[in-house]
Every structure is written in C-alpha cells, then in structure tokens.
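Shown next: input15.pdb, given as PDB, C-alpha atoms and all ligand atoms.
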MODEL        1
ATOM      1  CA  MET A   1     -10.182  71.287  -1.958  1.00  0.00           C
ATOM      2  CA  LYS A   2     -11.114  72.069  -5.532  1.00  0.00           C
ATOM      3  CA  ARG A   3     -12.947  69.463  -7.551  1.00  0.00           C
ATOM      4  CA  ASN A   4     -10.075  69.228 -10.133  1.00  0.00           C
ATOM      5  CA  THR A   5      -7.495  68.636  -7.436  1.00  0.00           C
ATOM      6  CA  ILE A   6      -9.628  65.857  -5.908  1.00  0.00           C
ATOM      7  CA  GLN A   7      -9.963  64.226  -9.328  1.00  0.00           C
ATOM      8  CA  HIS A   8      -6.161  64.441  -9.872  1.00  0.00           C
ATOM      9  CA  LEU A   9      -5.491  62.921  -6.478  1.00  0.00           C
ATOM     10  CA  SER A  10      -7.955  60.083  -7.165  1.00  0.00           C
ATOM     11  CA  VAL A  11      -6.309  59.286 -10.501  1.00  0.00           C
ATOM     12  CA  LEU A  12      -2.852  59.429  -8.879  1.00  0.00           C
ATOM     13  CA  SER A  13      -3.889  57.045  -6.047  1.00  0.00           C
ATOM     14  CA  ALA A  14      -5.440  54.644  -8.541  1.00  0.00           C
ATOM     15  CA  LEU A  15      -2.207  54.662 -10.572  1.00  0.00           C
ATOM     16  CA  LEU A  16      -0.078  54.122  -7.465  1.00  0.00           C
ATOM     17  CA  LEU A  17      -2.316  51.289  -6.278  1.00  0.00           C
ATOM     18  CA  THR A  18      -2.243  49.570  -9.684  1.00  0.00           C
ATOM     19  CA  SER A  19       1.506  49.922  -9.833  1.00  0.00           C
ATOM     20  CA  ALA A  20       1.942  48.552  -6.295  1.00  0.00           C
ATOM     21  CA  LEU A  21      -0.318  45.619  -7.068  1.00  0.00           C
ATOM     22  CA  ALA A  22       1.530  44.919 -10.307  1.00  0.00           C
ATOM     23  CA  GLY A  23       4.860  45.129  -8.482  1.00  0.00           C
ATOM     24  CA  GLY A  24       3.560  42.807  -5.773  1.00  0.00           C
ATOM     25  CA  ALA A  25       2.292  40.347  -8.355  1.00  0.00           C
ATOM     26  CA  ASP A  26       5.616  40.483 -10.180  1.00  0.00           C
ATOM     27  CA  ALA A  27       7.452  39.832  -6.951  1.00  0.00           C
ATOM     28  CA  GLN A  28       5.081  36.988  -6.136  1.00  0.00           C
ATOM     29  CA  ASN A  29       5.485  35.490  -9.620  1.00  0.00           C
ATOM     30  CA  ALA A  30       9.233  35.737  -9.305  1.00  0.00           C
ATOM     31  CA  ALA A  31       9.123  34.055  -5.890  1.00  0.00           C
ATOM     32  CA  GLN A  32       6.880  31.306  -7.233  1.00  0.00           C
ATOM     33  CA  ALA A  33       9.133  30.775 -10.225  1.00  0.00           C
ATOM     34  CA  SER A  34      12.206  30.486  -8.045  1.00  0.00           C
ATOM     35  CA  THR A  35      10.407  28.096  -5.675  1.00  0.00           C
ATOM     36  CA  ALA A  36       9.277  25.987  -8.628  1.00  0.00           C
ATOM     37  CA  GLN A  37      12.824  26.002  -9.973  1.00  0.00           C
ATOM     38  CA  ALA A  38      14.190  24.919  -6.578  1.00  0.00           C
ATOM     39  CA  SER A  39      11.524  22.190  -6.271  1.00  0.00           C
ATOM     40  CA  ALA A  40      12.187  20.966  -9.794  1.00  0.00           C
ATOM     41  CA  SER A  41      15.854  20.552  -9.006  1.00  0.00           C
ATOM     42  CA  GLN A  42      14.931  18.595  -5.868  1.00  0.00           C
ATOM     43  CA  ILE A  43      12.588  16.168  -7.640  1.00  0.00           C
ATOM     44  CA  PRO A  44      14.388  12.857  -7.720  1.00  0.00           C
ATOM     45  CA  ALA A  45      14.720  11.247 -11.100  1.00  0.00           C
ATOM     46  CA  THR A  46      14.053   7.828  -9.636  1.00  0.00           C
ATOM     47  CA  ASN A  47      10.606   7.574 -11.175  1.00  0.00           C
ATOM     48  CA  ILE A  48      12.108   7.469 -14.624  1.00  0.00           C
ATOM     49  CA  ASN A  49      13.760   4.112 -14.323  1.00  0.00           C
ATOM     50  CA  LYS A  50      15.448   2.489 -17.214  1.00  0.00           C
ATOM     51  CA  PRO A  51      15.197  -1.290 -17.232  1.00  0.00           C
ATOM     52  CA  GLU A  52      18.501  -2.060 -15.609  1.00  0.00           C
ATOM     53  CA  SER A  53      19.777  -5.288 -14.164  1.00  0.00           C
ATOM     54  CA  THR A  54      20.220  -5.515 -10.412  1.00  0.00           C
ATOM     55  CA  SER A  55      20.822  -8.704  -8.468  1.00  0.00           C
ATOM     56  CA  GLY A  56      21.101 -10.406 -11.842  1.00  0.00           C
ATOM     57  CA  GLN A  57      17.448  -9.814 -12.612  1.00  0.00           C
ATOM     58  CA  PRO A  58      16.056  -7.337 -15.140  1.00  0.00           C
ATOM     59  CA  THR A  59      13.786  -4.721 -13.701  1.00  0.00           C
ATOM     60  CA  ALA A  60      10.528  -3.889 -15.354  1.00  0.00           C
ATOM     61  CA  GLN A  61      10.173  -0.447 -16.854  1.00  0.00           C
ATOM     62  CA  SER A  62       8.674   2.300 -14.759  1.00  0.00           C
ATOM     63  CA  THR A  63       6.978   5.086 -16.594  1.00  0.00           C
ATOM     64  CA  GLY A  64       6.327   7.876 -14.082  1.00  0.00           C
ATOM     65  CA  THR A  65       6.818  11.499 -14.980  1.00  0.00           C
ATOM     66  CA  ASN A  66       8.293  14.393 -13.077  1.00  0.00           C
ATOM     67  CA  SER A  67       5.714  16.075 -10.896  1.00  0.00           C
ATOM     68  CA  PRO A  68       5.593  19.725  -9.762  1.00  0.00           C
ATOM     69  CA  LEU A  69       4.178  18.525  -6.427  1.00  0.00           C
ATOM     70  CA  PRO A  70       6.345  17.900  -3.396  1.00  0.00           C
ATOM     71  CA  TYR A  71       7.566  14.377  -2.804  1.00  0.00           C
ATOM     72  CA  ASN A  72       7.164  12.521   0.489  1.00  0.00           C
ATOM     73  CA  GLN A  73       9.651  11.498   3.134  1.00  0.00           C
ATOM     74  CA  ALA A  74      10.633   8.310   1.329  1.00  0.00           C
ATOM     75  CA  THR A  75      11.700  10.260  -1.747  1.00  0.00           C
ATOM     76  CA  ARG A  76      13.648  12.686   0.429  1.00  0.00           C
ATOM     77  CA  LEU A  77      15.842   9.951   1.862  1.00  0.00           C
ATOM     78  CA  PRO A  78      19.521  10.694   1.332  1.00  0.00           C
ATOM     79  CA  SER A  79      19.510   7.959  -1.265  1.00  0.00           C
ATOM     80  CA  ALA A  80      16.713   9.464  -3.376  1.00  0.00           C
ATOM     81  CA  GLY A  81      17.784   9.850  -6.965  1.00  0.00           C
ATOM     82  CA  THR A  82      20.839   7.668  -6.497  1.00  0.00           C
ATOM     83  CA  GLU A  83      21.756   4.108  -7.335  1.00  0.00           C
ATOM     84  CA  ASN A  84      20.625   3.139  -3.837  1.00  0.00           C
ATOM     85  CA  LEU A  85      17.023   4.074  -4.454  1.00  0.00           C
ATOM     86  CA  LYS A  86      17.174   2.359  -7.811  1.00  0.00           C
ATOM     87  CA  ALA A  87      18.181  -0.773  -5.913  1.00  0.00           C
ATOM     88  CA  SER A  88      15.160  -0.244  -3.681  1.00  0.00           C
ATOM     89  CA  VAL A  89      12.834   0.124  -6.666  1.00  0.00           C
ATOM     90  CA  ALA A  90      14.343  -2.962  -8.312  1.00  0.00           C
ATOM     91  CA  ALA A  91      13.873  -4.969  -5.106  1.00  0.00           C
ATOM     92  CA  LEU A  92      10.215  -3.952  -4.956  1.00  0.00           C
ATOM     93  CA  GLN A  93       9.489  -4.466  -8.654  1.00  0.00           C
ATOM     94  CA  ASN A  94      11.135  -7.891  -8.775  1.00  0.00           C
ATOM     95  CA  THR A  95       9.294  -8.984  -5.634  1.00  0.00           C
ATOM     96  CA  LEU A  96       6.001  -7.715  -7.083  1.00  0.00           C
ATOM     97  CA  THR A  97       6.550  -9.697 -10.284  1.00  0.00           C
ATOM     98  CA  GLU A  98       7.269 -12.906  -8.366  1.00  0.00           C
ATOM     99  CA  LEU A  99       4.248 -12.438  -6.100  1.00  0.00           C
ATOM    100  CA  GLN A 100       2.044 -11.948  -9.144  1.00  0.00           C
ATOM    101  CA  ALA A 101       3.405 -15.166 -10.672  1.00  0.00           C
ATOM    102  CA  LEU A 102       2.579 -16.927  -7.390  1.00  0.00           C
ATOM    103  CA  GLN A 103      -0.929 -15.408  -7.429  1.00  0.00           C
ATOM    104  CA  LEU A 104      -1.600 -17.046 -10.799  1.00  0.00           C
ATOM    105  CA  GLN A 105       0.002 -20.340  -9.845  1.00  0.00           C
ATOM    106  CA  THR A 106      -1.744 -20.728  -6.477  1.00  0.00           C
ATOM    107  CA  LYS A 107      -5.090 -20.160  -8.210  1.00  0.00           C
ATOM    108  CA  GLN A 108      -4.257 -22.609 -11.000  1.00  0.00           C
ATOM    109  CA  ALA A 109      -3.383 -25.271  -8.398  1.00  0.00           C
ATOM    110  CA  HIS A 110      -6.395 -24.357  -6.220  1.00  0.00           C
ATOM    111  CA  TRP A 111      -8.651 -25.231  -9.139  1.00  0.00           C
ATOM    112  CA  ASN A 112      -6.898 -28.313 -10.509  1.00  0.00           C
ATOM    113  CA  VAL A 113      -5.406 -30.121  -7.508  1.00  0.00           C
ATOM    114  CA  SER A 114      -6.478 -33.783  -7.448  1.00  0.00           C
ATOM    115  CA  GLY A 115      -5.961 -36.777  -5.202  1.00  0.00           C
ATOM    116  CA  THR A 116      -6.307 -37.691  -1.543  1.00  0.00           C
ATOM    117  CA  LEU A 117      -5.245 -34.268  -0.278  1.00  0.00           C
ATOM    118  CA  TRP A 118      -7.206 -32.252  -2.799  1.00  0.00           C
ATOM    119  CA  TYR A 119      -9.468 -30.565  -0.279  1.00  0.00           C
ATOM    120  CA  SER A 120      -6.715 -29.611   2.194  1.00  0.00           C
ATOM    121  CA  LEU A 121      -4.596 -28.215  -0.623  1.00  0.00           C
ATOM    122  CA  HIS A 122      -7.545 -26.539  -2.340  1.00  0.00           C
ATOM    123  CA  GLU A 123      -8.315 -24.626   0.861  1.00  0.00           C
ATOM    124  CA  LEU A 124      -4.687 -23.925   1.749  1.00  0.00           C
ATOM    125  CA  LEU A 125      -3.919 -22.580  -1.722  1.00  0.00           C
ATOM    126  CA  GLN A 126      -6.864 -20.193  -1.468  1.00  0.00           C
ATOM    127  CA  ASP A 127      -5.429 -18.821   1.794  1.00  0.00           C
ATOM    128  CA  HIS A 128      -2.024 -18.436   0.167  1.00  0.00           C
ATOM    129  CA  TYR A 129      -3.532 -16.704  -2.851  1.00  0.00           C
ATOM    130  CA  GLU A 130      -5.347 -14.175  -0.676  1.00  0.00           C
ATOM    131  CA  GLN A 131      -2.297 -13.282   1.423  1.00  0.00           C
ATOM    132  CA  ILE A 132      -0.020 -13.133  -1.609  1.00  0.00           C
ATOM    133  CA  SER A 133      -2.486 -10.770  -3.305  1.00  0.00           C
ATOM    134  CA  LYS A 134      -2.437  -8.449  -0.279  1.00  0.00           C
ATOM    135  CA  ASP A 135       1.354  -8.559  -0.149  1.00  0.00           C
ATOM    136  CA  ALA A 136       1.635  -7.825  -3.879  1.00  0.00           C
ATOM    137  CA  ASP A 137      -0.570  -4.762  -3.383  1.00  0.00           C
ATOM    138  CA  MET A 138       1.557  -3.523  -0.470  1.00  0.00           C
ATOM    139  CA  VAL A 139       4.761  -3.965  -2.456  1.00  0.00           C
ATOM    140  CA  ALA A 140       3.345  -2.243  -5.553  1.00  0.00           C
ATOM    141  CA  GLU A 141       2.119   0.728  -3.524  1.00  0.00           C
ATOM    142  CA  ARG A 142       5.410   1.047  -1.649  1.00  0.00           C
ATOM    143  CA  GLN A 143       7.028   1.414  -5.042  1.00  0.00           C
ATOM    144  CA  LEU A 144       4.702   4.343  -5.780  1.00  0.00           C
ATOM    145  CA  ALA A 145       5.518   5.802  -2.362  1.00  0.00           C
ATOM    146  CA  VAL A 146       9.236   5.864  -3.116  1.00  0.00           C
ATOM    147  CA  GLY A 147       8.562   7.696  -6.374  1.00  0.00           C
ATOM    148  CA  ALA A 148       8.412   5.004  -9.044  1.00  0.00           C
ATOM    149  CA  SER A 149       5.555   3.495 -10.997  1.00  0.00           C
ATOM    150  CA  SER A 150       4.703  -0.204 -10.611  1.00  0.00           C
ATOM    151  CA  ASP A 151       4.603  -2.620 -13.515  1.00  0.00           C
ATOM    152  CA  GLY A 152       1.936  -5.293 -13.035  1.00  0.00           C
ATOM    153  CA  ARG A 153       1.578  -6.321 -16.673  1.00  0.00           C
ATOM    154  CA  ALA A 154       1.237  -9.958 -17.692  1.00  0.00           C
ATOM    155  CA  ILE A 155       4.089  -9.586 -20.180  1.00  0.00           C
ATOM    156  CA  THR A 156       6.378  -8.433 -17.358  1.00  0.00           C
ATOM    157  CA  ILE A 157       5.477 -11.428 -15.179  1.00  0.00           C
ATOM    158  CA  VAL A 158       6.288 -13.821 -18.013  1.00  0.00           C
ATOM    159  CA  ALA A 159       9.474 -12.026 -19.031  1.00  0.00           C
ATOM    160  CA  THR A 160      11.028 -11.315 -15.648  1.00  0.00           C
ATOM    161  CA  SER A 161       9.762 -13.569 -12.852  1.00  0.00           C
ATOM    162  CA  ARG A 162      12.323 -16.324 -13.582  1.00  0.00           C
ATOM    163  CA  LEU A 163      10.084 -18.921 -11.937  1.00  0.00           C
ATOM    164  CA  PRO A 164       9.111 -22.284 -13.421  1.00  0.00           C
ATOM    165  CA  GLU A 165       5.547 -22.430 -14.755  1.00  0.00           C
ATOM    166  CA  ILE A 166       3.038 -24.783 -13.201  1.00  0.00           C
ATOM    167  CA  GLN A 167       1.862 -27.645 -15.385  1.00  0.00           C
ATOM    168  CA  ALA A 168      -1.449 -27.465 -17.244  1.00  0.00           C
ATOM    169  CA  GLY A 169      -4.434 -29.669 -16.480  1.00  0.00           C
ATOM    170  CA  PHE A 170      -5.228 -31.726 -13.393  1.00  0.00           C
ATOM    171  CA  ILE A 171      -2.314 -31.756 -11.007  1.00  0.00           C
ATOM    172  CA  ASP A 172      -1.636 -34.445  -8.440  1.00  0.00           C
ATOM    173  CA  ASP A 173      -1.556 -33.472  -4.759  1.00  0.00           C
ATOM    174  CA  SER A 174       2.024 -34.752  -4.418  1.00  0.00           C
ATOM    175  CA  GLN A 175       3.122 -32.580  -7.360  1.00  0.00           C
ATOM    176  CA  VAL A 176       1.430 -29.522  -5.862  1.00  0.00           C
ATOM    177  CA  ILE A 177       3.372 -30.021  -2.638  1.00  0.00           C
ATOM    178  CA  GLN A 178       6.639 -30.475  -4.525  1.00  0.00           C
ATOM    179  CA  PHE A 179       6.028 -27.510  -6.819  1.00  0.00           C
ATOM    180  CA  PHE A 180       5.154 -24.977  -4.130  1.00  0.00           C
ATOM    181  CA  THR A 181       7.792 -26.187  -1.688  1.00  0.00           C
ATOM    182  CA  TYR A 182      10.378 -25.278  -4.342  1.00  0.00           C
ATOM    183  CA  GLN A 183       8.670 -22.067  -5.481  1.00  0.00           C
ATOM    184  CA  TYR A 184       8.350 -20.683  -1.966  1.00  0.00           C
ATOM    185  CA  GLU A 185      11.914 -21.659  -1.142  1.00  0.00           C
ATOM    186  CA  THR A 186      13.185 -19.856  -4.249  1.00  0.00           C
ATOM    187  CA  VAL A 187      11.118 -16.699  -3.767  1.00  0.00           C
ATOM    188  CA  GLY A 188      11.900 -16.610  -0.035  1.00  0.00           C
ATOM    189  CA  GLN A 189      15.633 -16.737  -0.736  1.00  0.00           C
ATOM    190  CA  ARG A 190      15.433 -13.980  -3.339  1.00  0.00           C
ATOM    191  CA  ILE A 191      13.446 -11.691  -1.049  1.00  0.00           C
ATOM    192  CA  HIS A 192      15.915 -12.393   1.757  1.00  0.00           C
ATOM    193  CA  GLN A 193      18.760 -11.197  -0.476  1.00  0.00           C
ATOM    194  CA  ARG A 194      16.841  -8.018  -1.341  1.00  0.00           C
ATOM    195  CA  ILE A 195      16.206  -7.267   2.326  1.00  0.00           C
ATOM    196  CA  ASN A 196      19.980  -7.209   2.781  1.00  0.00           C
ATOM    197  CA  ASP A 197      20.429  -5.104  -0.373  1.00  0.00           C
ATOM    198  CA  VAL A 198      18.176  -2.262   0.824  1.00  0.00           C
ATOM    199  CA  GLU A 199      18.414  -2.542   4.611  1.00  0.00           C
ATOM    200  CA  LYS A 200      20.650   0.503   5.096  1.00  0.00           C
ATOM    201  CA  VAL A 201      19.419   2.797   2.337  1.00  0.00           C
ATOM    202  CA  ASP A 202      15.676   2.240   2.679  1.00  0.00           C
ATOM    203  CA  PRO A 203      14.746   0.602   6.009  1.00  0.00           C
ATOM    204  CA  SER A 204      10.986   0.920   5.450  1.00  0.00           C
ATOM    205  CA  THR A 205      11.168  -1.068   2.220  1.00  0.00           C
ATOM    206  CA  SER A 206      13.400  -3.572   3.979  1.00  0.00           C
ATOM    207  CA  ASN A 207      10.818  -3.966   6.764  1.00  0.00           C
ATOM    208  CA  LEU A 208       8.018  -4.479   4.268  1.00  0.00           C
ATOM    209  CA  LEU A 209      10.024  -7.130   2.453  1.00  0.00           C
ATOM    210  CA  GLN A 210      10.660  -8.837   5.791  1.00  0.00           C
ATOM    211  CA  GLU A 211       6.905  -9.157   6.311  1.00  0.00           C
ATOM    212  CA  VAL A 212       6.525 -10.621   2.842  1.00  0.00           C
ATOM    213  CA  GLU A 213       9.387 -13.049   3.436  1.00  0.00           C
ATOM    214  CA  THR A 214       7.811 -14.132   6.739  1.00  0.00           C
ATOM    215  CA  ASN A 215       4.594 -15.006   4.905  1.00  0.00           C
ATOM    216  CA  ILE A 216       6.393 -16.877   2.127  1.00  0.00           C
ATOM    217  CA  GLU A 217       8.366 -18.892   4.689  1.00  0.00           C
ATOM    218  CA  LYS A 218       5.126 -19.722   6.489  1.00  0.00           C
ATOM    219  CA  PHE A 219       3.609 -20.977   3.222  1.00  0.00           C
ATOM    220  CA  GLN A 220       6.740 -23.047   2.560  1.00  0.00           C
ATOM    221  CA  TRP A 221       6.396 -24.699   5.964  1.00  0.00           C
ATOM    222  CA  GLN A 222       2.689 -25.343   5.340  1.00  0.00           C
ATOM    223  CA  MET A 223       3.550 -27.259   2.142  1.00  0.00           C
ATOM    224  CA  ARG A 224       6.545 -29.011   3.707  1.00  0.00           C
ATOM    225  CA  ALA A 225       4.451 -30.143   6.706  1.00  0.00           C
ATOM    226  CA  PHE A 226       2.572 -32.638   4.523  1.00  0.00           C
ATOM    227  CA  LEU A 227       5.846 -34.574   4.271  1.00  0.00           C
ATOM    228  CA  GLN A 228       7.389 -33.860   7.675  1.00  0.00           C
ATOM    229  CA  ASN A 229       8.991 -36.929   9.310  1.00  0.00           C
ATOM    230  CA  THR A 230       7.709 -37.773  12.774  1.00  0.00           C
ATOM    231  CA  PRO A 231       8.782 -40.577  15.177  1.00  0.00           C
ATOM    232  CA  LYS A 232       5.545 -42.387  14.364  1.00  0.00           C
ATOM    233  CA  ASP A 233       5.462 -41.959  10.572  1.00  0.00           C
ATOM    234  CA  PRO A 234       8.139 -40.933   8.035  1.00  0.00           C
ATOM    235  CA  ASN A 235       5.397 -39.226   5.963  1.00  0.00           C
ATOM    236  CA  SER A 236       7.366 -39.889   2.817  1.00  0.00           C
ATOM    237  CA  GLY A 237       4.374 -39.228   0.607  1.00  0.00           C
ATOM    238  CA  PHE A 238       4.279 -42.926  -0.318  1.00  0.00           C
ATOM    239  CA  ASP A 239       0.511 -42.981   0.058  1.00  0.00           C
ATOM    240  CA  ILE A 240      -0.129 -39.981  -2.199  1.00  0.00           C
ATOM    241  CA  ASN A 241       2.482 -40.623  -4.896  1.00  0.00           C
ATOM    242  CA  ASN A 242       1.600 -43.951  -6.475  1.00  0.00           C
ATOM    243  CA  ALA A 243       3.572 -45.945  -3.871  1.00  0.00           C
ATOM    244  CA  LYS A 244       6.780 -43.913  -4.296  1.00  0.00           C
ATOM    245  CA  PRO A 245       8.189 -41.356  -1.851  1.00  0.00           C
ATOM    246  CA  VAL A 246       7.754 -37.711  -2.911  1.00  0.00           C
ATOM    247  CA  PRO A 247      11.242 -36.473  -3.779  1.00  0.00           C
ATOM    248  CA  LEU A 248      12.032 -33.215  -1.997  1.00  0.00           C
ATOM    249  CA  ARG A 249      15.323 -31.362  -2.032  1.00  0.00           C
ATOM    250  CA  GLY A 250      17.513 -32.447   0.892  1.00  0.00           C
ATOM    251  CA  LYS A 251      15.285 -35.384   1.759  1.00  0.00           C
TER     252      LYS A 251
HETATM  253 FE    FE B 301     -12.187 -21.237  -5.353  1.00  0.00          FE
ENDMDL
END
Go ahead and render the structure in this file as structure tokens.
Ligand SMILES: [Fe+2]
Amino acid sequence: MKRNTIQHLSVLSALLLTSALAGGADAQNAAQASTAQASASQIPATNINKPESTSGQPTAQSTGTNSPLPYNQATRLPSAGTENLKASVAALQNTLTELQALQLQTKQAHWNVSGTLWYSLHELLQDHYEQISKDADMVAERQLAVGASSDGRAITIVATSRLPEIQAGFIDDSQVIQFFTYQYETVGQRIHQRINDVEKVDPSTSNLLQEVETNIEKFQWQMRAFLQNTPKDPNSGFDINNAKPVPLRGK
C-alpha cells in the first residue's frame, strides 16, 4: 500500500472512532438524562413538609431538599409522597418533640428532687433520661429514613410539645411522682393514638412507636409504684406529703 493511502486510511479511522465515541457519549448522556428525569419524578415530596396540623397538633417544619440519589425502601412505600406518609412524619416529629421535653424535665427533676425519696427518684430519673434520650434518637433518625428532616430545636419543643412545664427550684418527692405520673400517662396515650394512625401505611414506624410507648408505660408504672396500694399499706403518700395523701388521678 502506498504511503498516502495509509495516511488517508489512518485519518479516516481516527474520524470514525471519534464520531463513534461522540455518538456513544451522546447516547449515554441521553440515557443518563432520561434516568435522572425518571428518578426525579419518583422522588417523593415528603421531605418538604409544610407545618400542617395532624391529630390536632402542629408539626414542626422539616427542611430537607430533593436529592438526586435514590431513596430507600421506606420512601418507596405505596404511601410515599401522600398524606399517609405525612401522617407518619407528623407522628414521628410530635413524638420526638415530646421525648425531648421529657429529656429536659427528667434531668431537671433528677437534679432538684428533695425529700425522703430523693435518692430513689434521683437514680430512677437518670435511668428514664437515658432511655428517653435513646428513644428520641431512634425516632429522629426514623424520620430521616422515611425522607424527612427532624426538628430538634428548643423553640419547637416549647411551641409544640403541649406538655406542662416542671416547676423551678427544689421539687418535693411527692410532686415529682405526681408530675411524671401525669406526664407519662399523657405522652403514652398520644403515642398510642399515633401507633393506630400509622399502623397500616407505615408498619415499621408503628413498631418503633410501640417500643417507645412500652418504655413510657414502664416509666409510668415505676412512678405509680411509689403510691401503689397493698393489703399491708395503702401507700397514700401520707408520709412524704406533709401528712396529706398524694392526689393522683383516679385515686
Ligand atoms: Fe446526675
């Protein structure tokens, strides 16, 4: 073959190769674009939650943004992007807020409890604080897993927990028992309602909330037990409440 012909053939092959590569890249870009478009349309909008009222309680604002990355199984539930998942997010956020309020209150009482039972309550409240902190973390991270951000700000706890505040200063042992018996009863009932709200649409969240409710009910019993009637002693709290029985709901 002549030298010129070889040169022509080389140039031609180089052109063909470049063109094929360019075509391939174009095709790949087009495929990627269409995949991205398909993914974008599948991304649930549940992580852009407006503060809406569910179960009569305002939800805190979530501030996530749409992500180009794939979502997980929880966000692919049939309910993703619908009112059902919003109910799930509201259940988690409201539970988180209440647990955070209880974190602060158990610590406040742990430090300031006074009276005959101070040591028992001081120790018990520390145990409650530690478990509540773990549960709050689980609930917050479940909210991330279902595609929403979690709001753990102090302002949100104050504005949305709808729980009475614990008194300032030294607090009598009988008042600590009264206060937490009511708090745990209230929070337990609210979580129980939320378990029912999300049971069908988001069973994993429902299961998590069941664990949290179990712990709250255990804490409620542990406070109530100080005043549990027995055949031998009515345990009215007479001895820890300035010679008056400790008034408890239903007692
Ligand atoms: Fe301590």
Could you make a table, as a tab-separated table, of the residues of chain A that have an atom within 9 Å of an atom of ligand FE 301 (chain B), each with its nearest atom pair and distance in Å to one decimal, counting all atoms listed in the file, in chain and number order?
residue	atom	partner	partner_atom	distance
A:Lys107	CA	B:FE301	FE	7.7
A:His110	CA	B:FE301	FE	6.6
A:Trp111	CA	B:FE301	FE	6.5
A:His122	CA	B:FE301	FE	7.7
A:Glu123	CA	B:FE301	FE	8.1
A:Gln126	CA	B:FE301	FE	6.7
Residues returned when the PyMOL selection byres (((chain A and resi 152) around 8) and not hetatm) runs on this file, as a list in words:
Leu96, Thr97, Gln100, Ser150, Asp151, Arg153, Ala154, Thr156 and Ile157 of chain A
Evaluate the PyMOL selection byres (((chain A and resi 198) around 12) and not hetatm) on the structure here and hand back the selected residues as an MDAnalysis selection string.
chainID A and resid 54:55 79 83:92 191:197 199:210
Please save C-alpha atoms of the selected residues as a compact mmCIF listing (two decimals), keeping the file's coordinate frame.
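Output file again07.txt follows:
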# COMPACT_ATOMS: atom_id res chain seq x y z
CA THR A 54 20.22 -5.52 -10.41
CA SER A 55 20.82 -8.70 -8.47
CA SER A 79 19.51 7.96 -1.26
CA GLU A 83 21.76 4.11 -7.34
CA ASN A 84 20.62 3.14 -3.84
CA LEU A 85 17.02 4.07 -4.45
CA LYS A 86 17.17 2.36 -7.81
CA ALA A 87 18.18 -0.77 -5.91
CA SER A 88 15.16 -0.24 -3.68
CA VAL A 89 12.83 0.12 -6.67
CA ALA A 90 14.34 -2.96 -8.31
CA ALA A 91 13.87 -4.97 -5.11
CA LEU A 92 10.22 -3.95 -4.96
CA ILE A 191 13.45 -11.69 -1.05
CA HIS A 192 15.92 -12.39 1.76
CA GLN A 193 18.76 -11.20 -0.48
CA ARG A 194 16.84 -8.02 -1.34
CA ILE A 195 16.21 -7.27 2.33
CA ASN A 196 19.98 -7.21 2.78
CA ASP A 197 20.43 -5.10 -0.37
CA GLU A 199 18.41 -2.54 4.61
CA LYS A 200 20.65 0.50 5.10
CA VAL A 201 19.42 2.80 2.34
CA ASP A 202 15.68 2.24 2.68
CA PRO A 203 14.75 0.60 6.01
CA SER A 204 10.99 0.92 5.45
CA THR A 205 11.17 -1.07 2.22
CA SER A 206 13.40 -3.57 3.98
CA ASN A 207 10.82 -3.97 6.76
CA LEU A 208 8.02 -4.48 4.27
CA LEU A 209 10.02 -7.13 2.45
CA GLN A 210 10.66 -8.84 5.79
If you take every atom of stretch 89-99 of chain A that the file lists and fit an axis-aligned box around them with 4 Å extra on each side, what centre and edge lengths come out in Å to one decimal, as JSON?
{"center_x": 9.3, "center_y": -6.4, "center_z": -7.6, "size_x": 18.1, "size_y": 21.0, "size_z": 13.3}
What is the distance between atom CA of A:Ala101 and atom CA of A:Ala74, in Å to one decimal?
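Computed distance, atom CA of A:Ala101 to atom CA of A:Ala74, equals 27.3 Å.
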A:Lys244, A:Lys218, A:Arg190, A:His128 ranked by distance to A:Arg162, top pick (using all atoms listed in the file)
A:Arg190
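Using only C-alpha atoms for every distance, the candidate list A:Leu248, A:Val187, A:Leu144, A:Leu102 yields A:Val187 as the residue closest to A:Thr214.
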Would you compute the distance between atom CA of A:Asn94 and atom CA of A:Glu165? Give it in Å to one decimal.
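Rounded to one decimal, the two atoms are 16.7 Å apart.
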